[in-house]
Amino acid sequence: MEPPSCRPAARGPPGPGAELCPIKFSDVTGRLCVWLARRDWGGVGPPAKRAAASLRSRRARRSRGRAGHVGALRQLRVTWARPRCGAGTVGAGSGAFRSAGLRMRGGQGAARAPVLQFTNCRILRGGALLREDLWVRGGRVLDPEKLFFEERRVADEQRDCGGCILAPGFIDVQINGGFGVDFSQATEDVGSGVALVARRILSHGVTSFCPTLVTSPPEVYHKVLPQIPVKSGGPHGAGVLGEWLTPLPALLWEAPWGPVGSPSPIQVPNGGGRGGHEGPGWGVQGGGPAGTIPSPPPGVHLEGPFISREKRGAHPEAHLRSFEANAFQDVLATYGSLDNVRIVTLAPELGRSHEVIRALTALGICVSLGHSVADLGTAEEAVQSGATFITHLFNAMLPFHHRDPGIVGLLTSDQLPPGRHIFYGLIADGMHTNPAALRIAHRAHPKGLVLVTDAVPALGLGNGRHTLGQQEVEVNGLTAYVAGTKTLSGSIAPMDACVRHFLRATGCGVESALEAASLHPARLLGLEKHKGTLDFGADADFVVLDDSLHVRATYILGELVWQAEVARQ
Amino acid sequence: MWFTCNFSSNTHYREICQNKMKLIILDHYSQASEWAAKYIRNRIIQFNPGPDKYFTLGLPTGSTPLGCYKKLIEYYRNGDLSFQYVKTFNMDEYVGLPRDHPESYHSFMWNNFFKHIDIRPENTHILDGNAADLQAECDAFEEKIQAAGGVELFVGGIGPDGHIAFNEPGSSLVSRTRVKTLAMDTILANARFFDGDLAKVPTMALTVGVGTVMDAREVMILITGAHKAFALYKAIEEGVSHMWTVSAFQQHPRTVFVCDEDATLELKVKTVKYFKGLMLVHNKLVDPLYSIKEKETEKSQSSKKPYSD
């Protein structure tokens, strides 16, 4: 089986661990595509399903005549069914390719896709909860008025949401792992670990996330980063703003992804398995019905190692680095590749940091200030050089002082470039940031507030010892300390709990609390046209919440990917 | 005889049976809106529409009918009324305003009515003010009305200058659907919807003609507020005049004016008293109020039918 519009060009080197081997294709435009295949299947996709898949791909090829190759590729959508043996089990994936015929620009594909209408709900749109229905087609939020007057169509299916709140899916831009998985551990099978987390955090309402690597030796970056391909969310799990999964047999992504941040016309895995809560899947995500540019995926968040020794927090001191003479080359040498990197946290007081900030920013990578002893002046200069984010405000930085507010002072700085404001991450887990500090930050600069979990691998696990990066972490209740010390080491509160705590602590209103976990991180990453919003044309990634903001169900691209037990029929 | 109920008064009986203009006076806007909505509801249900028998309804836009639409939506939500077999024809639309402009009448109808009810998109008809050939669009609209068997009930509102749809003062009383240049009064009145900027207000519109509305089997005009009082006076107490186009409906065999107290300020006391005295009778039009839930029951008790065609 070959993907429509791609023909095999060369078989790449064997992949690591889970028997994954990339297969390179070039599509008709000569763009390089890479399929990662399970080696034990000897190809892309489970053999039993290949016949059906090729039949469908012929259909896709037929329609390509109408829509062009990009359209044809966009309409390809593949689903893998629920793995029988659970996540990460080799050979467990069985499923079927499914060409849903979606998202052809103005083509018949778009018109054929079923229209889903979520009724009896309040949707978060434009900063307000509106008594509106949410209309979805082809994984995108649809303008029902246009459908009514231009296509003269009604919904194919209505779903009663029982008066719930529908909010954009949460985006977690700082998560170190969870459910026993540590993204910073250089295992042979990082992909499956990321996939596991991606699947499990669906229950927290998270539909996209940036796997975060804490300070590690260069070998870890070199080993791990290539294993975390950027992908979109689907029934298999939340989108990594670079993630992917192992039980997933095949993964397509377009190699010339980089320079990072440049929107690519063809996008990767997103998923398909209707109703398969754990079924990994992938698909090709294309433009919406209106032919919009597909959302560029977020990617990995690299927190360190270019950070302050004094404010290293739980980061291992031995691996901290400073910028050497040729600063950016040093960064590249440390990380290996920046292809899947979306955010880099660094300390701006390190020498030659501005050079690095400018270079990273030019690549479309978001530079975040954190683990730093910078004063306000240094921080402002970093922002002028392109930094846009503050990593877990108040934590691992100088405390606010009235004569030198430090990085915290950026919230109300008047020295920022015109028209720009700073975003800042807040760990609203009830431990890392005092409610009074949450209120101060929120009242000073509500628009920049981004809720992050900073979750450690112990997220979702019980009490006891767990690893974080190169260190041991002791978890007790809602606290996680570096083992044997009283140093906080990331949070173990799920995102939805952070949203609730933030709302309770600040009294900011449901709309603001939800936006702090969705719209604001999307804006930070420049994804607000596609993610973090339920505006027409955006990806239909959303979370169904009751009035107390407990997650009832999670949808990615209009497909149910998680549902609370109580809500299941 | 279409009317079979026994009333206590013979006078009232004649009044309601005769084909004549009715003036319904309610205390406030909300009551007037509710009365109009109930009337529409009863008419639709009594018509007993089905797949081969659509009820055709002419609809206005503007602030006056909003309360009536809200009530109709409520009836739909409660399961008392369905628009599945209703075809609608809207009175007018601006020329050159994008369909998705918030002030377009497409947007108005979608946001205030259509999106809340079960009407099928193909059964709604609104003039396309962006058509390449505007007159052809108007002619096609007339043909669609004909094809639907004419309009059963045309609901309308009026402007303070007595215009119905965009049939500004001076319009021919036998006019058909056409392009119309708006009067300065209308443009000024509409400026509030376009950031108060006169330059943004469309100056032309497509509108059904007075003759088009006159062809409907029944016409219901909603008039509320003191600023429409003079227009109501011109509509019913003076003669037919093309300078007050709504006055043409004096000659329609079945017209219902629904107004609130404020709108009657310019009427003669005796006119108001006369029609208020008739309210007892006219209220029989909306009481009992039918529901599709009970349609089957009602059918079996046809003797209770107070009003139908």
# chains A, B, ... in the order shown; residues from 1 in each chain; ligands from 1

$ residues_around --residues "His520 (chain A)" --least-positions-apart "3" --cutoff "8 Å" --atoms "only C-alpha atoms" --output "MDAnalysis selection string"
chainID A and resid 423 447:450 515:517 523:524 532

$ write_last_selection --atoms "N, CA, C and O atoms" --output "PDB file, in the first residue's frame"
ATOM      1  N   PHE A 423       3.323  36.389  26.942  1.00  0.00           N
ATOM      2  CA  PHE A 423       2.529  35.284  27.480  1.00  0.00           C
ATOM      3  C   PHE A 423       3.309  34.686  28.650  1.00  0.00           C
ATOM      4  O   PHE A 423       4.542  34.726  28.668  1.00  0.00           O
ATOM      5  N   LYS A 447      -4.583  38.693  29.557  1.00  0.00           N
ATOM      6  CA  LYS A 447      -4.535  38.207  28.183  1.00  0.00           C
ATOM      7  C   LYS A 447      -3.350  37.287  27.905  1.00  0.00           C
ATOM      8  O   LYS A 447      -3.356  36.518  26.946  1.00  0.00           O
ATOM      9  N   GLY A 448      -2.325  37.388  28.731  1.00  0.00           N
ATOM     10  CA  GLY A 448      -1.141  36.583  28.463  1.00  0.00           C
ATOM     11  C   GLY A 448      -1.096  35.286  29.254  1.00  0.00           C
ATOM     12  O   GLY A 448      -0.140  34.520  29.142  1.00  0.00           O
ATOM     13  N   LEU A 449      -2.138  35.063  30.021  1.00  0.00           N
ATOM     14  CA  LEU A 449      -2.098  33.949  30.955  1.00  0.00           C
ATOM     15  C   LEU A 449      -2.304  32.602  30.249  1.00  0.00           C
ATOM     16  O   LEU A 449      -3.287  32.395  29.557  1.00  0.00           O
ATOM     17  N   VAL A 450      -1.361  31.718  30.412  1.00  0.00           N
ATOM     18  CA  VAL A 450      -1.434  30.386  29.808  1.00  0.00           C
ATOM     19  C   VAL A 450      -1.316  29.353  30.933  1.00  0.00           C
ATOM     20  O   VAL A 450      -0.301  29.304  31.622  1.00  0.00           O
ATOM     21  N   GLU A 515     -10.334  29.920  28.464  1.00  0.00           N
ATOM     22  CA  GLU A 515      -9.474  30.498  27.428  1.00  0.00           C
ATOM     23  C   GLU A 515      -8.006  30.438  27.819  1.00  0.00           C
ATOM     24  O   GLU A 515      -7.133  30.326  26.965  1.00  0.00           O
ATOM     25  N   ALA A 516      -7.751  30.506  29.124  1.00  0.00           N
ATOM     26  CA  ALA A 516      -6.365  30.450  29.577  1.00  0.00           C
ATOM     27  C   ALA A 516      -5.741  29.091  29.284  1.00  0.00           C
ATOM     28  O   ALA A 516      -4.524  28.953  29.232  1.00  0.00           O
ATOM     29  N   ALA A 517      -6.579  28.084  29.091  1.00  0.00           N
ATOM     30  CA  ALA A 517      -6.064  26.749  28.793  1.00  0.00           C
ATOM     31  C   ALA A 517      -6.221  26.383  27.320  1.00  0.00           C
ATOM     32  O   ALA A 517      -5.835  25.301  26.909  1.00  0.00           O
ATOM     33  N   ARG A 523      -2.669  31.059  20.863  1.00  0.00           N
ATOM     34  CA  ARG A 523      -2.126  32.337  20.389  1.00  0.00           C
ATOM     35  C   ARG A 523      -0.620  32.380  20.566  1.00  0.00           C
ATOM     36  O   ARG A 523       0.105  32.877  19.708  1.00  0.00           O
ATOM     37  N   LEU A 524      -0.184  31.873  21.690  1.00  0.00           N
ATOM     38  CA  LEU A 524       1.256  31.854  21.953  1.00  0.00           C
ATOM     39  C   LEU A 524       1.979  31.149  20.819  1.00  0.00           C
ATOM     40  O   LEU A 524       3.038  31.588  20.365  1.00  0.00           O
ATOM     41  N   GLY A 532      -7.640  26.069  19.845  1.00  0.00           N
ATOM     42  CA  GLY A 532      -7.950  26.985  20.936  1.00  0.00           C
ATOM     43  C   GLY A 532      -9.147  27.873  20.676  1.00  0.00           C
ATOM     44  O   GLY A 532      -9.379  28.827  21.401  1.00  0.00           O
TER      45      GLY A 532
END

$ closest_atom_pairs --of "chain A" --to "chain B" --cutoff "9 Å" --atoms "only C-alpha atoms" --output "Markdown table"
| residue | atom | partner | partner_atom | distance |
| --- | --- | --- | --- | --- |
| A:Pro144 | CA | B:Lys115 | CA | 8.2 |
| A:Glu145 | CA | B:Trp110 | CA | 6.5 |
| A:Lys146 | CA | B:Asp100 | CA | 7.8 |
| A:Leu147 | CA | B:Pro121 | CA | 8.8 |
| A:Phe148 | CA | B:Pro121 | CA | 5.5 |
| A:Phe149 | CA | B:Pro121 | CA | 6.7 |
| A:Glu151 | CA | B:Pro121 | CA | 8.5 |
| A:Arg152 | CA | B:Pro121 | CA | 4.8 |
| A:Arg153 | CA | B:Pro121 | CA | 6.3 |
| A:Val154 | CA | B:Pro121 | CA | 7.2 |

$ closest_residue --among "B:Asp92, B:Asp139, B:Asp161, B:Asp185" --to "Leu206 (chain B)" --atoms "only C-alpha atoms"
B:Asp92

$ closest_residue --among "B:Gly277, B:Gly162, B:Gly225, B:Gly239" --to "Ser63 (chain B)" --atoms "only C-alpha atoms"
B:Gly225

$ select_by_dssp --residues "region 62-298 of chain B" --states "alpha helix (DSSP H)" --output "NGL selection string"
:B and (66-77 or 105-112 or 134-147 or 184-190 or 210-214 or 229-236 or 269-277 or 279-282 or 295-298)

$ residues_around --residues "Arg217 (chain B)" --least-positions-apart "2" --cutoff "7 Å" --atoms "only C-alpha atoms" --output "VMD selection string"
chain B and resid 151 to 153 215 219

$ write_last_selection --atoms "C-alpha atoms" --output "PDB file, in the first residue's frame"
ATOM      1  CA  VAL B 151     -48.903  32.929  -0.056  1.00  0.00           C
ATOM      2  CA  GLU B 152     -51.378  31.732   2.523  1.00  0.00           C
ATOM      3  CA  LEU B 153     -50.508  34.284   5.182  1.00  0.00           C
ATOM      4  CA  ASP B 215     -52.303  38.528  -3.667  1.00  0.00           C
ATOM      5  CA  VAL B 219     -52.303  39.570   5.462  1.00  0.00           C
TER       6      VAL B 219
END

$ select_by_dssp --residues "region 113-196 of chain B" --states "strand (DSSP E)" --output "VMD selection string"
chain B and resid 124 to 125 153 to 157 178 to 181

$ atom_distance --atom1 "CA of Ala229 (chain B)" --atom2 "CA of Pro102 (chain B)"
29.1 Å

$ residues_around --residues "Met214 (chain B)" --least-positions-apart "4" --cutoff "8 Å" --atoms "only C-alpha atoms" --output "VMD selection string"
chain B and resid 210 219 249 252

$ write_last_selection --atoms "N, CA and C atoms" --output "CSV table (one decimal), in the first residue's frame"
chain,number,residue,atom,x,y,z
B,210,VAL,N,-46.5,45.9,-3.5
B,210,VAL,CA,-47.8,45.9,-2.8
B,210,VAL,C,-48.7,44.9,-3.4
B,219,VAL,N,-53.4,38.7,5.1
B,219,VAL,CA,-52.3,39.6,5.5
B,219,VAL,C,-52.4,40.0,6.9
B,249,PHE,N,-54.1,47.9,2.1
B,249,PHE,CA,-54.7,46.6,2.7
B,249,PHE,C,-56.1,46.8,3.2
B,252,HIS,N,-58.0,44.7,1.0
B,252,HIS,CA,-57.7,43.3,1.0
B,252,HIS,C,-58.9,42.6,1.8

$ residues_around --residues "region 474-491 of chain A" --least-positions-apart "6" --cutoff "10 Å" --atoms "only C-alpha atoms" --output "PyMOL selection string"
chain A and resi 174-176+313-315+392+395+427-432+452-459+461-468+498

$ write_last_selection --atoms "C-alpha atoms" --output "PDB file, in the first residue's frame"
ATOM      1  CA  GLN A 174       4.497  22.223  29.287  1.00  0.00           C
ATOM      2  CA  ILE A 175       4.132  18.594  30.243  1.00  0.00           C
ATOM      3  CA  ASN A 176       7.132  16.485  31.137  1.00  0.00           C
ATOM      4  CA  GLY A 313      14.956  23.806  40.277  1.00  0.00           C
ATOM      5  CA  ALA A 314      14.706  20.100  39.666  1.00  0.00           C
ATOM      6  CA  HIS A 315      16.964  20.166  36.636  1.00  0.00           C
ATOM      7  CA  HIS A 392       5.982  28.881  34.900  1.00  0.00           C
ATOM      8  CA  ASN A 395       8.655  29.542  39.811  1.00  0.00           C
ATOM      9  CA  ILE A 427       1.010  26.222  37.228  1.00  0.00           C
ATOM     10  CA  ALA A 428      -2.368  26.521  38.896  1.00  0.00           C
ATOM     11  CA  ASP A 429      -2.169  23.193  40.701  1.00  0.00           C
ATOM     12  CA  GLY A 430      -2.652  24.703  44.123  1.00  0.00           C
ATOM     13  CA  MET A 431       0.954  23.905  45.081  1.00  0.00           C
ATOM     14  CA  HIS A 432       3.343  25.715  42.802  1.00  0.00           C
ATOM     15  CA  VAL A 452       0.305  24.746  32.065  1.00  0.00           C
ATOM     16  CA  THR A 453       0.436  21.557  34.093  1.00  0.00           C
ATOM     17  CA  ASP A 454       4.217  21.097  34.130  1.00  0.00           C
ATOM     18  CA  ALA A 455       3.154  17.545  34.897  1.00  0.00           C
ATOM     19  CA  VAL A 456       5.762  14.983  35.824  1.00  0.00           C
ATOM     20  CA  PRO A 457       5.676  11.280  34.965  1.00  0.00           C
ATOM     21  CA  ALA A 458       3.894  10.690  38.233  1.00  0.00           C
ATOM     22  CA  LEU A 459       0.799  12.364  36.812  1.00  0.00           C
ATOM     23  CA  LEU A 461       0.146   7.437  39.105  1.00  0.00           C
ATOM     24  CA  GLY A 462      -0.061   6.889  42.807  1.00  0.00           C
ATOM     25  CA  ASN A 463       2.272   7.906  45.608  1.00  0.00           C
ATOM     26  CA  GLY A 464       5.873   6.736  45.617  1.00  0.00           C
ATOM     27  CA  ARG A 465       9.172   7.220  43.795  1.00  0.00           C
ATOM     28  CA  HIS A 466       9.279   8.026  40.108  1.00  0.00           C
ATOM     29  CA  THR A 467      11.902   9.284  37.688  1.00  0.00           C
ATOM     30  CA  LEU A 468      11.988  12.706  36.156  1.00  0.00           C
ATOM     31  CA  CYS A 498      -5.752  23.338  37.060  1.00  0.00           C
TER      32      CYS A 498
END

$ residues_around --residues "region 194-200 of chain B" --least-positions-apart "6" --cutoff "9 Å" --atoms "only C-alpha atoms" --output "PyMOL selection string"
chain B and resi 103+187-188

$ write_last_selection --atoms "N, CA, C and O atoms" --output "PDB file, in the first residue's frame"
ATOM      1  N   GLU B 103     -26.098  42.643   9.039  1.00  0.00           N
ATOM      2  CA  GLU B 103     -27.346  43.378   8.853  1.00  0.00           C
ATOM      3  C   GLU B 103     -28.150  42.891   7.655  1.00  0.00           C
ATOM      4  O   GLU B 103     -29.200  43.443   7.354  1.00  0.00           O
ATOM      5  N   ILE B 187     -33.221  55.289   4.925  1.00  0.00           N
ATOM      6  CA  ILE B 187     -31.763  55.234   5.023  1.00  0.00           C
ATOM      7  C   ILE B 187     -31.309  55.806   6.366  1.00  0.00           C
ATOM      8  O   ILE B 187     -30.470  55.215   7.059  1.00  0.00           O
ATOM      9  N   LEU B 188     -31.903  56.935   6.740  1.00  0.00           N
ATOM     10  CA  LEU B 188     -31.541  57.543   8.026  1.00  0.00           C
ATOM     11  C   LEU B 188     -31.890  56.611   9.173  1.00  0.00           C
ATOM     12  O   LEU B 188     -31.116  56.427  10.112  1.00  0.00           O
TER      13      LEU B 188
END

$ residues_around --residues "Gln158 (chain A)" --least-positions-apart "6" --cutoff "9 Å" --atoms "only C-alpha atoms" --output "PyMOL selection string"
chain A and resi 115-119
